[in-house]
Structures are given as C-alpha cells and as structure tokens.
Amino acid sequence: MTKLTVNKLRVDLGRKVIISDVSITVALGDWICVIGPNGAGKSSLLKAIAGILPSGGDMFIDDVNLRGLSHRDRACWIAYVAQDPIMPPGMTVFNYVLLGRTAHLKMLASESHVDFEVAHFVITELGLEAFLDRDVMTLSGGERQRVAIARALTQASPIILLDEPTTALDVGYQQEVLELIDRLCKEKKIAVISTMHDLTVAGLYPKELLLLHHGKIYDAGKPDQVLTRENIAEVYGANIEIISTNGMLAVIPVRLQT
Amino acid sequence: MRTATARRMPRWVWAISAVAVLVTITLGVCVGAVYITPTNVWAALLGQFATGIPSISEAQETIIWQLRLPRVLLAFVVGSMLASAGCAYQGTFRNPLADPYLLGVSAGAGLGATLIIVNSSVTKNFYLPVAAFVGAMAAVSLTYFLGRSAISGRSSTALILAGVAVASVLTALQTLIQQQNTDVLREVYSWILGRLSTSGWSELLVIAPYILICSYVLLRYRRVLDVFSVGDEEAQTMGLPVSKARGAIIVAASLGTAAAVSVSGLIGFVGIIVPHILRLISGNSYRTLLPLSMIYGGVFLVLADILARTVLAPQEISIGVITALLGAPFFLFVLGSSKSGSIS
C-alpha cells in the first residue's frame, strides 16, 4: 500500500450538508491534520472515512475500493480512535488492547497466540507494561488516549484516524501523545489523519494541514501556508497573530481593545 | 516473564462451580415431601451403571427418577438460559437494565398463554407451552422488525423502545382478555408468576434442544460481547459487523428464553440479578461472565425452587415470588458489600 485517496467526499445528515467536495490524499508516513472551527465537519470527516457515517464519493487505497469492503476488511486498512473512546468498566488494559485484533479474527473465533503476542508487543512498544492489569476505567486522560492508540495499533492497519487525540489533555500529556503519534508515523510508516482544535499544536507536528470551513476545504498545505492571519480571521472569525521562531509557529490570540 | 495470555478465570473457579452444581442438584433431589438421603439419591442415579451400591426402595426410585430429577434439571436449564440470555442482552445493548424479557418475550408469551387458559376447549398441557412459545417469538420478531425499519436511526435504543411499545400493546391485550374472563384470573396469574411443575421428562426433553443450541451459540459469541462494550461505532471500526452480530445474539437469546418461558412461565429477576452478582465478583468480561451466568443461573433457580416447594409445604409458592423476594435483597446485599460497586 502507498496511499489513501479520498475523492469528492460528501456527507449529508437529513437535509443538511455536513461535508462536500472534500478530497484528501495521504501517503504512508504522512500525518495530515484537519483543523477548523466547531461545526466545520472535522469529526464527521473522520467518521465518514472510518465508515461509521454514510457518505458519498470515492475512497481508494491504491486500487482497492473501500466502498466494496466488509467492515472487517476495511478495519484491516483503517483504524479509528474516537474523540472520547469508550472505556468499558471492569476491563483490563490488556483485554482492551486485545480487542484491536477483532479485524483479524473470524467473528466467532478466539484469539490465538499470535494475537496475544501482537498485543504484548504494542503494549511494550508504547511503554504501557505497568498498566497491563489495570481497569481501563481507572486510567487518567493521557493514559486512556495512549491505551486507545495501542488498541488501534494492535489492529495493525496502515492508516489510523485520530479524532482530537489531545483535546482533554494537559500540556505534558499532550506532548507525550503527539510525540508518540509522530514517532509512529516516522518509524512505523503509518499514515495518520487527525483532527485538532489547538492551532499552535496543529502547526507543530503534522506535515500537512487541511482547513475545513462549513464542510469544505478552505485551504490545505504546509502549516506555515495554512496558518495565516487572513485564513484564521476568515474561517474562525478570530483576530490572531502568527509568531514564527526557528521554523516553529505559534498562534497567539490578540485582544481587540486594550 | 509474564506469558502472553488474556486474563482468565483461575481453574479453581470452575472446580468450585462444578461442585456447586452437583451439590445443588443433589439437594434439589433430596428435599421434598419425603426426604431422601444423598446416599440414596446417588445410589438411584448410579444404580444402573454400578454394582455394589446399596439398593433402595422402588418407591424412592420412582420419586427420584420421575418426580424430582426432571424438575430439578428443568429448574437448572431454565435458570441457566434466563441468566445467560439476560447477560447477552446486557452485553449487546450495553444496558445494565436489560433482561431476557427486554424485547417483549414476556408480554408475547403471556398473551399466548392467556389465550389458551381462557379457551377451555383445548388440552392445556399440550397447547399452553406452544402458545407461549409462539407468542414470545412473534413479539420479539415484531420488535425487531419495528426497531430496524419503522424507527429510523441505527442505534440499539430504537430496538429497546420498539420492545417497550410492543410489550405495552400485548400486555394491554392480555389484560383485556383477562378482564373478560375473571374466572381464570388465578390460573393466569399462577402462570405469569412462574411455575416449574413437571409431568415426567416431557417438558425437559421438549425444550432441551432449543436451550442447548442457543446456549452454545451465545457461548460462541462471548468474545463478540466484549467487543460490543466499546460501543457500536468503535466496534464497527474494529471490524465487527455490528447489526449482524447483534441480530444473531438476539435470535439466540430470545429463542432460548421463549423455550424456557414456555414451560416455566415468567420467572423474573434471574436474568438480571444473577449476571450482576457475578459481575461484582468476576468482573465485566463476557468471556467469563457468560459461562458463569449459565452455571449460577441454574444453581440459583434450583435453590429457589427448593424453597418454593418447601417453605409452605404442602402448598407451593410461585417460584417468581421466591426469586424476587430473595434475589432482590441478596443482590442489594452483594452490591452494598462490594467495594468497587462498578456496574457497567
């Protein structure tokens, strides 16, 4: 596999058009981040690609048409981590991560030794060994997010969709999770599409940004091309200043009156 | 180094469970109008296969083989089915309040049974279970059909709401028929509250195939029930065909429940309380919860039946009264004494 191509994606909810005419191409090792104000359709876009929201338009992985695939085959290509993943009370971290193997098992089969090995490998890789037997309900926000990512990695699909992976996290946890995603992209050659609402953070890690406005692509490209004063003023209706130091961007809100 | 396996129940749990099953079944056969010692019970049970066991009277042998054993086994099978169906419903709907009667089984069976009871021209022993079974399956099918098509939206809530609606309509019909025929009220109520009276082995043999198959299917789905616990959307992105899997679980749980209800009436609380007590002890993974529910649902109902037969002997109390009267306080006690109290 080399790339995922989404062409002219469209999502309708009732009579309302949530997403229209959105085309994305993401290659292995790339991280594309979808930004945009509340209600711009960021989450809907990821859900449509994940196949849990009905949509129109084409979706291909190289020559494979995702539209024709079963849930299970699709899950072998694309994993999805929800904005606030449901943590089933009473389930251990290991058993939760192991659920990621579902796509590789026949519906009524039980896990084999290989599945246990994969789950263990991912848990070790992400430094979660200490949590193995912990109840997932008792995890902190940052731990939850890492455990959910571990579940997605156990699914062993080349594309991972992450909906707001850092939203509820403090800056330290945020950094931890973002560094992890960055490392997975680069080392494991995983393609990542995430959404994010913190613009400074969005400018920091992903390779490419996609600015969504009323369900359409308003601008796309490298972070410094997309994160401009004009774009943000137009789409977010916000008055901001972009500060650039050592090739890093910071988006600073500016007070209207002082 | 730690071996790479999912956390499983330790072996001793299954050993204790096996002992619990043997002890309660033995107890169930011993206790009754005539007390029979456990030794004699086992002598009767093994008598055909072994020699050198003290012989027992023919009367005792008849009581054991024709009266008590079929009834005890029926109680076990019914309890096992109700508890595992409740457990499966709770898992697939992610709803702790789900019980085997969630989708209208009870109302359908109740209506079917009432129709037969008021109709004095038919042979009740034969038609009552058939009508209850047909009513139950018709009600669940209606619920499933309405929930899937008439109510838009793909959430399982639609199915539960359809169940509520179907149940109210069927219960209203049943009440109407009941009121037109007040002379049979007693009989209708005795059926609704549940009863485990047997005539030899026939009831058990009729429902056993259904319950065995349904239990087997549910057991095969126990890993899938764990996948359901992350919610429909995430489960689907993990590759679970959510509607198909839920459909299969509902069919198996409802068919098994309908079979159980057809001979036992509407025994309440087993399907909801037994899985929840086990949750507090063994955790929430359906890999262990489902088999344990099968075992202890059976054990619970055999014990409840012993009480139903003996407390006001020679009169029998409806077993549904016993399960509610004892089950509910016991559940509250376990809930109160468990530190975590985590119920999903």
# chains A, B, ... in the order shown; residues from 1 in each chain; ligands from 1
>>> interface_residues(of="chain A", to="chain B", cutoff="8 Å", atoms="only C-alpha atoms", output="PyMOL selection string")
chain A and resi 50-52+71-76+78-82+85-91+94-95+99-103+107-110+113+116-117+120+155
>>> residues_around(residues="Ala168 of chain A", least_positions_apart="3", cutoff="9 Å", atoms="only C-alpha atoms", output="PyMOL selection string")
chain A and resi 84+141-142+164-165+174
>>> residues_around(residues="Glu241 of chain A", least_positions_apart="2", cutoff="7 Å", atoms="only C-alpha atoms", output="ChimeraX atom specification")
/A:229,243,251-254
>>> write_last_selection(atoms="C-alpha atoms", output="mmCIF file, in the first residue's frame")
data_model
loop_
_atom_site.group_PDB
_atom_site.id
_atom_site.type_symbol
_atom_site.label_atom_id
_atom_site.label_comp_id
_atom_site.auth_asym_id
_atom_site.auth_seq_id
_atom_site.Cartn_x
_atom_site.Cartn_y
_atom_site.Cartn_z
ATOM 1 C CA ARG A 229 -3.648 35.696 9.798
ATOM 2 C CA ILE A 243 4.742 34.207 15.600
ATOM 3 C CA VAL A 251 -0.840 31.170 17.023
ATOM 4 C CA ILE A 252 -1.478 33.953 19.505
ATOM 5 C CA PRO A 253 -4.920 35.479 20.044
ATOM 6 C CA VAL A 254 -4.886 39.251 20.033
#
>>> select_by_dssp(residues="segment 14-77 of chain A", states="strand (DSSP E)", output="VMD selection string")
chain A and resid 16 to 27 31 to 35 56 to 61 64 to 65
>>> write_last_selection(atoms="N, CA and C atoms", output="short mmCIF file (atom, residue, chain, number, x, y, z; two decimals), in the first residue's frame")
data_model
loop_
_atom_site.label_atom_id
_atom_site.label_comp_id
_atom_site.auth_asym_id
_atom_site.auth_seq_id
_atom_site.Cartn_x
_atom_site.Cartn_y
_atom_site.Cartn_z
N LYS A 16 -29.28 18.51 5.76
CA LYS A 16 -28.11 19.36 5.93
C LYS A 16 -26.87 18.71 5.31
N VAL A 17 -26.14 19.50 4.58
CA VAL A 17 -24.89 19.01 4.01
C VAL A 17 -23.77 19.28 5.02
N ILE A 18 -23.17 18.22 5.50
CA ILE A 18 -22.14 18.37 6.55
C ILE A 18 -20.76 18.52 5.91
N ILE A 19 -20.51 17.68 4.89
CA ILE A 19 -19.23 17.70 4.20
C ILE A 19 -19.53 17.70 2.70
N SER A 20 -18.84 18.51 1.94
CA SER A 20 -19.00 18.36 0.49
C SER A 20 -17.67 18.64 -0.22
N ASP A 21 -17.46 17.86 -1.24
CA ASP A 21 -16.33 18.09 -2.13
C ASP A 21 -14.98 18.08 -1.43
N VAL A 22 -14.81 17.18 -0.50
CA VAL A 22 -13.52 17.11 0.20
C VAL A 22 -12.68 15.99 -0.41
N SER A 23 -11.50 16.36 -0.87
CA SER A 23 -10.58 15.35 -1.41
C SER A 23 -9.28 15.39 -0.62
N ILE A 24 -8.82 14.20 -0.24
CA ILE A 24 -7.59 14.10 0.55
C ILE A 24 -6.74 12.98 -0.03
N THR A 25 -5.45 13.18 -0.04
CA THR A 25 -4.54 12.08 -0.33
C THR A 25 -3.53 12.01 0.80
N VAL A 26 -3.39 10.82 1.36
CA VAL A 26 -2.40 10.68 2.42
C VAL A 26 -1.55 9.45 2.15
N ALA A 27 -0.23 9.63 2.22
CA ALA A 27 0.69 8.52 1.94
C ALA A 27 1.23 7.96 3.25
N TRP A 31 1.42 12.63 8.10
CA TRP A 31 0.44 13.00 9.12
C TRP A 31 -0.28 14.22 8.62
N ILE A 32 -1.56 14.04 8.34
CA ILE A 32 -2.39 15.16 7.91
C ILE A 32 -3.34 15.53 9.04
N CYS A 33 -3.42 16.83 9.31
CA CYS A 33 -4.27 17.26 10.41
C CYS A 33 -5.39 18.14 9.88
N VAL A 34 -6.62 17.79 10.28
CA VAL A 34 -7.78 18.57 9.86
C VAL A 34 -8.08 19.60 10.93
N ILE A 35 -8.09 20.87 10.55
CA ILE A 35 -8.45 21.92 11.51
C ILE A 35 -9.67 22.66 10.99
N GLY A 56 -20.90 9.90 0.45
CA GLY A 56 -20.77 9.70 -0.98
C GLY A 56 -19.36 10.07 -1.43
N GLY A 57 -19.02 9.71 -2.65
CA GLY A 57 -17.66 9.99 -3.14
C GLY A 57 -16.82 8.74 -3.13
N ASP A 58 -15.63 8.85 -3.69
CA ASP A 58 -14.78 7.67 -3.81
C ASP A 58 -13.75 7.60 -2.69
N MET A 59 -13.44 6.38 -2.29
CA MET A 59 -12.36 6.16 -1.34
C MET A 59 -11.56 4.96 -1.82
N PHE A 60 -10.30 5.20 -2.09
CA PHE A 60 -9.44 4.13 -2.59
C PHE A 60 -8.17 4.02 -1.77
N ILE A 61 -7.72 2.80 -1.58
CA ILE A 61 -6.36 2.61 -1.08
C ILE A 61 -5.63 1.97 -2.24
N VAL A 64 -7.62 -0.45 -4.36
CA VAL A 64 -8.70 -1.12 -3.63
C VAL A 64 -9.80 -0.11 -3.32
N ASN A 65 -11.00 -0.42 -3.78
CA ASN A 65 -12.14 0.45 -3.50
C ASN A 65 -12.68 0.12 -2.11
#
>>> residues_around(residues="Lys42 of chain A", least_positions_apart="4", cutoff="8 Å", atoms="only C-alpha atoms", output="PDB file with C-alpha atoms, in the first residue's frame")
ATOM      1  CA  VAL A  34      -7.778  18.570   9.857  1.00  0.00           C
ATOM      2  CA  ILE A  35      -8.449  21.915  11.511  1.00  0.00           C
ATOM      3  CA  GLY A  36     -11.440  24.211  11.505  1.00  0.00           C
ATOM      4  CA  LEU A  46     -13.013  11.225  10.057  1.00  0.00           C
ATOM      5  CA  THR A 195      -8.336  16.436  13.853  1.00  0.00           C
ATOM      6  CA  LEU A 212     -12.207  22.990   6.882  1.00  0.00           C
ATOM      7  CA  GLY A 215     -17.720  21.301   5.405  1.00  0.00           C
TER       8      GLY A 215
END
>>> atom_distance(atom1="atom CA of Ala220 of chain A", atom2="atom CA of Asp170 of chain A")
27.8 Å
>>> closest_residue(among="A:Val93, A:Leu105, A:Val177, A:Ala191", to="Val147 of chain A", atoms="only C-alpha atoms")
A:Val93
>>> residues_around(residues="Val188 of chain B", least_positions_apart="5", cutoff="8 Å", atoms="only C-alpha atoms", output="list in words")
Ala113, Thr114, Ile117 and Gln178 of chain B
>>> atom_distance(atom1="atom CA of Leu98 of chain A", atom2="atom CA of Ala119 of chain A")
5.6 Å
>>> decode(residues="segment 14-65 of chain A", atoms="C-alpha atoms", output="PDB file, in the first residue's frame")
ATOM      1  CA  GLY A  14     -31.030  14.799   6.930  1.00  0.00           C
ATOM      2  CA  ARG A  15     -31.242  17.771   4.602  1.00  0.00           C
ATOM      3  CA  LYS A  16     -28.105  19.363   5.931  1.00  0.00           C
ATOM      4  CA  VAL A  17     -24.886  19.009   4.006  1.00  0.00           C
ATOM      5  CA  ILE A  18     -22.142  18.371   6.547  1.00  0.00           C
ATOM      6  CA  ILE A  19     -19.230  17.704   4.196  1.00  0.00           C
ATOM      7  CA  SER A  20     -18.997  18.356   0.490  1.00  0.00           C
ATOM      8  CA  ASP A  21     -16.333  18.094  -2.135  1.00  0.00           C
ATOM      9  CA  VAL A  22     -13.519  17.111   0.204  1.00  0.00           C
ATOM     10  CA  SER A  23     -10.584  15.352  -1.413  1.00  0.00           C
ATOM     11  CA  ILE A  24      -7.589  14.104   0.549  1.00  0.00           C
ATOM     12  CA  THR A  25      -4.539  12.084  -0.325  1.00  0.00           C
ATOM     13  CA  VAL A  26      -2.398  10.682   2.423  1.00  0.00           C
ATOM     14  CA  ALA A  27       0.687   8.521   1.940  1.00  0.00           C
ATOM     15  CA  LEU A  28       2.361   6.148   4.376  1.00  0.00           C
ATOM     16  CA  GLY A  29       4.435   8.026   6.928  1.00  0.00           C
ATOM     17  CA  ASP A  30       2.412  11.204   6.470  1.00  0.00           C
ATOM     18  CA  TRP A  31       0.440  13.000   9.119  1.00  0.00           C
ATOM     19  CA  ILE A  32      -2.392  15.163   7.913  1.00  0.00           C
ATOM     20  CA  CYS A  33      -4.274  17.256  10.406  1.00  0.00           C
ATOM     21  CA  VAL A  34      -7.778  18.570   9.857  1.00  0.00           C
ATOM     22  CA  ILE A  35      -8.449  21.915  11.511  1.00  0.00           C
ATOM     23  CA  GLY A  36     -11.440  24.211  11.505  1.00  0.00           C
ATOM     24  CA  PRO A  37     -13.866  25.816  13.914  1.00  0.00           C
ATOM     25  CA  ASN A  38     -16.545  23.931  15.860  1.00  0.00           C
ATOM     26  CA  GLY A  39     -19.115  22.502  13.499  1.00  0.00           C
ATOM     27  CA  ALA A  40     -16.876  22.726  10.445  1.00  0.00           C
ATOM     28  CA  GLY A  41     -17.207  18.965   9.995  1.00  0.00           C
ATOM     29  CA  LYS A  42     -13.846  17.704  11.293  1.00  0.00           C
ATOM     30  CA  SER A  43     -15.209  14.749  13.247  1.00  0.00           C
ATOM     31  CA  SER A  44     -17.749  13.916  10.555  1.00  0.00           C
ATOM     32  CA  LEU A  45     -14.953  13.783   8.010  1.00  0.00           C
ATOM     33  CA  LEU A  46     -13.013  11.225  10.057  1.00  0.00           C
ATOM     34  CA  LYS A  47     -16.164   9.204  10.773  1.00  0.00           C
ATOM     35  CA  ALA A  48     -17.003   9.131   7.081  1.00  0.00           C
ATOM     36  CA  ILE A  49     -13.534   7.840   6.242  1.00  0.00           C
ATOM     37  CA  ALA A  50     -13.808   5.323   9.080  1.00  0.00           C
ATOM     38  CA  GLY A  51     -17.053   4.122   7.544  1.00  0.00           C
ATOM     39  CA  ILE A  52     -19.328   4.838  10.508  1.00  0.00           C
ATOM     40  CA  LEU A  53     -21.072   7.757   8.828  1.00  0.00           C
ATOM     41  CA  PRO A  54     -22.728   7.140   5.445  1.00  0.00           C
ATOM     42  CA  SER A  55     -21.069   9.211   2.745  1.00  0.00           C
ATOM     43  CA  GLY A  56     -20.768   9.701  -0.983  1.00  0.00           C
ATOM     44  CA  GLY A  57     -17.664   9.993  -3.139  1.00  0.00           C
ATOM     45  CA  ASP A  58     -14.776   7.669  -3.807  1.00  0.00           C
ATOM     46  CA  MET A  59     -12.356   6.158  -1.336  1.00  0.00           C
ATOM     47  CA  PHE A  60      -9.444   4.127  -2.594  1.00  0.00           C
ATOM     48  CA  ILE A  61      -6.365   2.612  -1.083  1.00  0.00           C
ATOM     49  CA  ASP A  62      -4.171   2.313  -4.145  1.00  0.00           C
ATOM     50  CA  ASP A  63      -6.501   0.284  -6.382  1.00  0.00           C
ATOM     51  CA  VAL A  64      -8.701  -1.118  -3.635  1.00  0.00           C
ATOM     52  CA  ASN A  65     -12.138   0.451  -3.496  1.00  0.00           C
TER      53      ASN A  65
END
